[in-house]
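> For reference, this is start.csv, and it has CSV, C-alpha atoms.
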chain,number,residue,atom,x,y,z
A,1,MET,CA,71.7,-139.7,65.7
A,2,ARG,CA,68.3,-140.3,64.1
A,3,ALA,CA,65.8,-138.0,65.6
A,4,GLN,CA,63.3,-139.7,67.9
A,5,GLY,CA,59.6,-139.3,67.5
A,6,ARG,CA,59.3,-136.3,69.7
A,7,SER,CA,62.7,-134.8,68.7
A,8,VAL,CA,62.8,-131.9,66.2
A,9,VAL,CA,65.4,-130.7,63.9
A,10,LEU,CA,66.1,-127.1,64.7
A,11,THR,CA,67.9,-124.2,63.2
A,12,VAL,CA,71.3,-123.5,64.7
A,13,LEU,CA,71.5,-120.3,66.7
A,14,LEU,CA,75.1,-119.0,66.2
A,15,VAL,CA,76.1,-116.2,68.4
A,16,ALA,CA,79.9,-116.4,69.0
A,17,ALA,CA,82.6,-115.0,66.7
A,18,PRO,CA,84.4,-117.7,64.6
A,19,VAL,CA,87.8,-118.8,65.7
A,20,ALA,CA,90.4,-120.7,63.8
A,21,ALA,CA,89.9,-124.4,63.3
A,22,GLN,CA,91.9,-126.6,65.5
A,23,SER,CA,93.0,-130.2,65.2
A,24,LYS,CA,92.0,-133.0,67.5
A,25,HIS,CA,92.7,-132.1,71.2
A,26,GLN,CA,94.5,-128.9,70.2
A,27,HIS,CA,94.2,-125.8,72.3
A,28,GLY,CA,92.4,-122.9,70.6
A,29,PRO,CA,91.3,-119.4,71.2
A,30,THR,CA,89.3,-118.9,74.3
A,31,SER,CA,85.6,-118.3,73.7
A,32,ALA,CA,83.6,-115.7,75.5
A,33,SER,CA,82.0,-116.8,78.8
A,34,ARG,CA,78.5,-116.0,77.5
A,35,GLY,CA,76.5,-117.9,74.9
A,36,PRO,CA,73.1,-117.3,73.3
A,37,ALA,CA,71.2,-114.6,75.1
A,38,ILE,CA,67.5,-115.6,75.5
A,39,ALA,CA,65.3,-112.8,76.7
A,40,GLY,CA,63.2,-113.5,79.8
A,41,SER,CA,60.0,-111.8,80.7
A,42,GLY,CA,60.4,-111.7,84.5
A,43,SER,CA,62.5,-109.5,86.7
A,44,ALA,CA,66.0,-110.4,87.8
A,45,SER,CA,64.8,-110.6,91.3
A,46,SER,CA,62.7,-113.7,90.5
A,47,GLY,CA,65.7,-115.8,91.1
A,48,GLY,CA,68.1,-118.2,89.4
A,49,PRO,CA,69.8,-121.5,89.8
A,50,GLY,CA,70.8,-120.2,93.2
A,51,GLY,CA,67.4,-118.4,93.8
A,52,GLY,CA,63.8,-118.5,93.3
A,53,GLY,CA,62.5,-119.1,89.7
A,54,GLY,CA,59.8,-117.1,87.9
A,55,THR,CA,59.7,-116.4,84.2
A,56,THR,CA,63.2,-115.1,83.8
A,57,THR,CA,65.5,-117.4,81.7
A,58,LEU,CA,68.5,-118.7,83.6
A,59,ILE,CA,71.7,-120.6,82.8
A,60,LEU,CA,72.4,-124.0,84.3
A,61,PRO,CA,75.8,-125.0,83.1
A,62,ALA,CA,78.2,-128.0,83.3
A,63,ALA,CA,79.6,-127.5,86.8
A,64,GLY,CA,83.3,-127.9,86.0
A,65,PRO,CA,86.2,-128.4,88.4
A,66,ALA,CA,85.2,-127.7,92.0
A,67,ASP,CA,81.9,-126.2,90.7
A,68,ALA,CA,83.9,-123.4,89.0
A,69,ASN,CA,81.0,-122.5,86.7
A,70,CYS,CA,78.3,-122.5,89.4
A,71,PRO,CA,75.8,-121.1,89.7
A,72,SER,CA,75.5,-119.8,86.1
A,73,SER,CA,78.7,-119.3,84.2
A,74,ILE,CA,78.8,-120.8,80.7
A,75,PRO,CA,81.9,-123.0,80.4
A,76,THR,CA,84.9,-121.3,78.7
A,77,VAL,CA,86.1,-123.1,75.6
A,78,ASN,CA,89.9,-123.5,75.4
A,79,SER,CA,90.3,-126.7,73.4
A,80,TYR,CA,88.5,-129.0,71.0
A,81,VAL,CA,88.0,-132.7,70.5
A,82,SER,CA,86.7,-134.8,67.6
A,83,GLY,CA,85.7,-138.4,67.1
A,84,GLN,CA,83.1,-138.7,69.8
A,85,HIS,CA,80.3,-140.0,67.6
A,86,GLN,CA,78.1,-143.0,68.4
A,87,GLN,CA,79.1,-142.2,72.0
A,88,ILE,CA,77.2,-140.3,74.7
A,89,ASP,CA,79.3,-137.7,76.4
A,90,ALA,CA,77.7,-136.5,79.7
A,91,ILE,CA,78.6,-133.9,82.3
A,92,GLN,CA,76.9,-133.0,85.6
A,93,THR,CA,75.3,-129.6,86.0
A,94,CYS,CA,75.4,-127.2,88.9
A,95,THR,CA,72.6,-127.6,91.4
A,96,THR,CA,69.3,-126.1,90.5
A,97,GLY,CA,67.9,-123.3,92.6
A,98,LEU,CA,65.3,-123.1,95.4
A,99,ASN,CA,62.2,-122.4,93.4
A,100,ALA,CA,59.6,-124.8,94.9
A,101,GLY,CA,58.0,-125.4,91.6
A,102,GLY,CA,61.2,-126.4,90.0
A,103,TYR,CA,62.4,-125.3,86.5
A,104,ASP,CA,61.6,-126.1,82.9
A,105,VAL,CA,64.4,-126.6,80.4
A,106,ILE,CA,63.8,-124.5,77.3
A,107,THR,CA,67.0,-125.1,75.4
A,108,ILE,CA,70.2,-127.2,75.5
A,109,SER,CA,73.4,-125.7,74.1
A,110,MET,CA,76.8,-127.1,73.1
A,111,TRP,CA,79.9,-125.6,71.5
A,112,ILE,CA,80.6,-126.9,68.0
A,113,GLN,CA,84.0,-125.8,66.5
A,114,ASN,CA,84.2,-127.6,63.2
A,115,ALA,CA,81.5,-129.7,61.4
A,116,LEU,CA,80.5,-130.9,58.0
A,117,VAL,CA,77.2,-129.7,56.5
A,118,GLY,CA,74.2,-131.9,57.1
A,119,LYS,CA,75.5,-134.0,60.0
A,120,HIS,CA,73.5,-134.4,63.2
A,121,LEU,CA,73.9,-133.8,66.9
A,122,ALA,CA,71.5,-134.5,69.7
A,123,CYS,CA,71.4,-133.8,73.5
A,124,SER,CA,69.1,-134.8,76.4
A,125,VAL,CA,69.0,-134.7,80.2
A,126,TYR,CA,69.5,-137.5,82.7
A,127,ASP,CA,69.1,-137.5,86.5
A,128,SER,CA,71.9,-138.1,89.0
A,129,ALA,CA,70.7,-141.5,90.2
A,130,SER,CA,72.9,-144.6,89.8
A,131,PRO,CA,72.5,-145.6,87.1
A,132,LYS,CA,71.3,-142.3,85.6
A,133,ASN,CA,67.7,-142.2,84.3
A,134,HIS,CA,66.6,-140.6,81.1
A,135,LEU,CA,64.5,-137.7,82.3
A,136,ALA,CA,61.8,-137.3,79.6
A,137,ALA,CA,61.3,-137.4,75.8
A,138,GLY,CA,60.5,-133.7,76.0
A,139,CYS,CA,64.2,-133.2,76.8
A,140,ASP,CA,65.4,-134.8,73.6
A,141,VAL,CA,66.7,-132.2,71.1
A,142,THR,CA,68.5,-132.6,67.7
A,143,ALA,CA,70.1,-130.3,65.2
A,144,THR,CA,71.6,-130.5,61.7
A,145,THR,CA,75.1,-129.0,61.4
A,146,THR,CA,76.4,-126.2,59.2
A,147,ALA,CA,80.0,-125.9,58.1
A,148,ASN,CA,82.5,-125.1,60.8
A,149,PRO,CA,80.3,-122.9,63.0
A,150,ALA,CA,82.8,-122.2,65.9
A,151,ALA,CA,79.8,-121.2,68.1
A,152,PHE,CA,77.3,-122.5,70.5
A,153,LEU,CA,74.6,-124.6,68.9
A,154,THR,CA,71.3,-124.1,70.8
A,155,MET,CA,68.4,-126.5,70.5
A,156,ALA,CA,64.9,-125.9,71.9
A,157,THR,CA,63.2,-128.7,73.8
A,158,PRO,CA,60.2,-130.2,72.0
A,159,GLY,CA,58.1,-130.9,75.2
A,160,SER,CA,58.1,-131.0,78.9
A,161,CYS,CA,61.6,-131.2,80.5
A,162,HIS,CA,61.1,-130.4,84.2
A,163,LEU,CA,63.9,-130.1,86.8
A,164,ASN,CA,63.4,-130.4,90.5
A,165,PRO,CA,64.7,-127.7,92.9
A,166,SER,CA,68.1,-128.2,94.7
A,167,THR,CA,69.1,-131.0,92.3
A,168,ARG,CA,71.9,-131.8,89.9
A,169,TYR,CA,71.4,-133.3,86.5
A,170,TRP,CA,73.5,-134.6,83.6
A,171,ILE,CA,73.6,-133.1,80.1
A,172,ALA,CA,74.2,-135.9,77.6
A,173,CYS,CA,75.1,-135.4,73.9
A,174,ASN,CA,75.8,-137.6,70.9
A,175,GLY,CA,76.5,-137.3,67.2
A,176,ASP,CA,76.6,-139.2,64.0
A,177,ASP,CA,79.9,-138.0,62.5
A,178,GLY,CA,83.5,-138.5,63.8
A,179,THR,CA,84.9,-135.3,62.3
A,180,THR,CA,82.7,-133.0,64.3
A,181,GLN,CA,84.7,-131.0,66.9
A,182,TYR,CA,83.2,-130.2,70.2
A,183,GLY,CA,84.4,-127.4,72.5
A,184,GLN,CA,85.6,-128.1,76.0
A,185,ASN,CA,87.6,-126.7,78.9
A,186,ASN,CA,90.6,-128.8,79.6
A,187,THR,CA,91.3,-127.4,83.1
A,188,ALA,CA,91.7,-130.6,85.2
A,189,CYS,CA,88.3,-131.8,86.4
A,190,ALA,CA,88.8,-135.3,87.8
A,191,ASN,CA,86.5,-137.8,86.1
A,192,CYS,CA,84.0,-135.1,85.3
A,193,LEU,CA,83.0,-136.3,81.8
A,194,THR,CA,81.3,-139.7,81.4
A,195,ALA,CA,81.5,-141.4,78.0
A,196,VAL,CA,79.2,-144.3,77.2
A,197,LEU,CA,79.2,-146.1,73.8
A,198,GLN,CA,75.7,-145.7,72.2
A,199,ALA,CA,74.5,-145.7,68.7
A,200,TYR,CA,73.2,-142.3,67.5
A,201,GLY,CA,69.5,-142.1,67.4
A,202,THR,CA,68.5,-143.8,70.7
A,203,TRP,CA,68.6,-142.5,74.3
A,204,PRO,CA,68.8,-145.5,76.6
A,205,ALA,CA,66.5,-145.5,79.6
A,206,THR,CA,69.5,-145.6,81.9
A,207,LEU,CA,73.1,-144.5,81.5
A,208,GLY,CA,75.8,-146.5,83.2
A,209,ALA,CA,79.1,-145.3,84.5
A,210,GLY,CA,81.1,-145.7,81.3
A,211,GLY,CA,84.6,-144.3,80.9
A,212,THR,CA,85.7,-141.0,82.3
A,213,SER,CA,87.8,-138.0,81.2
A,214,ASN,CA,89.2,-135.0,83.2
A,215,VAL,CA,87.6,-132.3,81.0
A,216,THR,CA,84.4,-130.2,81.0
A,217,PRO,CA,82.5,-130.1,77.7
A,218,ALA,CA,81.0,-126.8,76.9
A,219,PHE,CA,77.4,-127.8,77.5
A,220,TYR,CA,74.7,-125.8,79.3
A,221,LEU,CA,70.9,-125.7,79.8
A,222,THR,CA,68.7,-122.6,79.6
A,223,VAL,CA,65.8,-122.9,82.1
A,224,ARG,CA,63.0,-120.9,83.5
Can I see the file as structure tokens?


Amino acid sequence: MRAQGRSVVLTVLLVAAPVAAQSKHQHGPTSASRGPAIAGSGSASSGGPGGGGGTTTLILPAAGPADANCPSSIPTVNSYVSGQHQQIDAIQTCTTGLNAGGYDVITISMWIQNALVGKHLACSVYDSASPKNHLAAGCDVTATTTANPAAFLTMATPGSCHLNPSTRYWIACNGDDGTTQYGQNNTACANCLTAVLQAYGTWPATLGAGGTSNVTPAFYLTVR
């Protein structure tokens, strides 16, 4: 999508070993359960999505079937899908932790298997209201793709993207090219993914129900 005013184009952080390219909806090699490591300056005792906050960086992943990824496991990639451009794909996160001051999103990550050079991806965050509300322009991230990365693409937030404690959110992503392959976990997750047709380059103020799919896209937030 076209980057919004406060969005920034960022360099892709690639940290996973390449795996063989797969065709649409094919199963592929399973990725590691960990993505980009972002060092934190606090102690582990300062808490996490199930704890108390502080300056340590924490993972807030797509929840997956029966909250299988909660509180902080990055979704395992076991299949890929292409063609979801000009469409917002959104997945609910695990519940944030108990830190009274809440949490700030510092990056949003998604697995990209295959892509052409110079295409674009974007992600943002919505709340869990009905309809879902776009959280803030500071949550809007974009990136330009490299060729067939087979890795998590991690994008830093350009501004304030604050999450409340003990709350679930939705990670929403879109792209401008139908050949880009996204990573997902196809373990049955009833109606977990929401898909809403939306031109790339604009985040609507609210996100309706849309269509659904029984998969978990490999999306996660890094917060502190």

> I'd like the interatomic distance between atom CA of His85 of chain A and atom CA of Asn69 of chain A, to a tenth of an Å.

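It comes out at 25.9 Å.
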
> List as a list of chain:residue names the protein and nucleic acid residues near Thr144 of chain A, meaning an atom at most 6 Å away when all atoms listed in the file are counted, but skip any in the same chain fewer than 6 places from it.

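Returned residues: A:Gly118, A:Lys119, A:His120.
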
> Please write the residues from the selection above to a file, keeping C-alpha atoms, as a compact mmCIF listing (two decimals), in the coordinates of the input.


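Once written, selection-v7.txt looks like this:
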# COMPACT_ATOMS: atom_id res chain seq x y z
CA GLY A 118 74.20 -131.90 57.10
CA LYS A 119 75.50 -134.00 60.00
CA HIS A 120 73.50 -134.40 63.20

> Go ahead and compute the interatomic distance for atom CA of Gly159 of chain A and atom CA of Gln184 of chain A, in Å to one decimal.

27.7 Å

> Go through A:Ile171, A:Ile106, A:Ala156, A:Ala205 and flag the residue nearest Gln92 of chain A, using all atoms listed in the file for the distances.

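Among the listed residues, the smallest separation from Gln92 of chain A belongs to A:Ile171.
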
> To one decimal place in Å, what is the distance between atom CA of Ala190 of chain A and atom CA of Gly211 of chain A?

12.1 Å

> Using only C-alpha atoms, which of A:Ser130, A:Thr96, A:Ser73, A:Asn78 sits nearest Asn186 of chain A?

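Of A:Ser130, A:Thr96, A:Ser73, A:Asn78, the one nearest Asn186 of chain A is A:Asn78, counting only C-alpha atoms.
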
> Would you mind telling me which residue in A:Leu121, A:Leu207, A:Met155, A:Ala147 lies nearest to Ala90 of chain A when using only C-alpha atoms?

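Between A:Leu121, A:Leu207, A:Met155, A:Ala147, the residue approaching Ala90 of chain A most closely is A:Leu207.
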
> Hey, which of A:Ala143, A:Ala122, A:Arg224, A:Gly210 ends up closest to Leu193 of chain A? Count all atoms listed in the file.

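Answer, going by the shortest atom-to-atom distance: A:Gly210.
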
> Could you list, as a PyMOL selection string, every residue within 10 Å of Thr167 of chain A, counting all atoms listed in the file and ignoring same-chain residues fewer than 6 positions away?

chain A and resi 49+93-98+102+127-128

> Which of these, A:Ala218, A:Ala129, A:Val81, A:Cys139, has the shortest distance to Ala63 of chain A once you count only C-alpha atoms?

A:Ala218

> So which one's closest to Tyr80 of chain A, A:Ala209, A:Cys189, A:Val141, A:Ala115? Using all atoms listed in the file, please.

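Looking only at the distances to Tyr80 of chain A, the closest residue turns out to be A:Ala115.
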
> If we count all atoms listed in the file, what is near Val117 of chain A at a cut-off of 12 Å, once residues fewer than 5 positions away on the same chain are taken out, given as number ranges by chain?

A: 12, 143-149, 177, 179-180

> Can I get the selection written as a PDB file, keeping the file's coordinate frame, with C-alpha atoms?


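Output below, filename out.pdb:
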ATOM      1  CA  VAL A  12      71.300-123.500  64.700  1.00  0.00           C
ATOM      2  CA  ALA A 143      70.100-130.300  65.200  1.00  0.00           C
ATOM      3  CA  THR A 144      71.600-130.500  61.700  1.00  0.00           C
ATOM      4  CA  THR A 145      75.100-129.000  61.400  1.00  0.00           C
ATOM      5  CA  THR A 146      76.400-126.200  59.200  1.00  0.00           C
ATOM      6  CA  ALA A 147      80.000-125.900  58.100  1.00  0.00           C
ATOM      7  CA  ASN A 148      82.500-125.100  60.800  1.00  0.00           C
ATOM      8  CA  PRO A 149      80.300-122.900  63.000  1.00  0.00           C
ATOM      9  CA  ASP A 177      79.900-138.000  62.500  1.00  0.00           C
ATOM     10  CA  THR A 179      84.900-135.300  62.300  1.00  0.00           C
ATOM     11  CA  THR A 180      82.700-133.000  64.300  1.00  0.00           C
TER      12      THR A 180
END

> Around (70.5, -129.9, 74.7), as given in the file, which residues come within 12 Å? Count all atoms listed in the file and list them as a ChimeraX atom specification.

/A:7-10,12,60-62,89-91,105-111,121-126,137-143,152-158,161,170-174,218-223
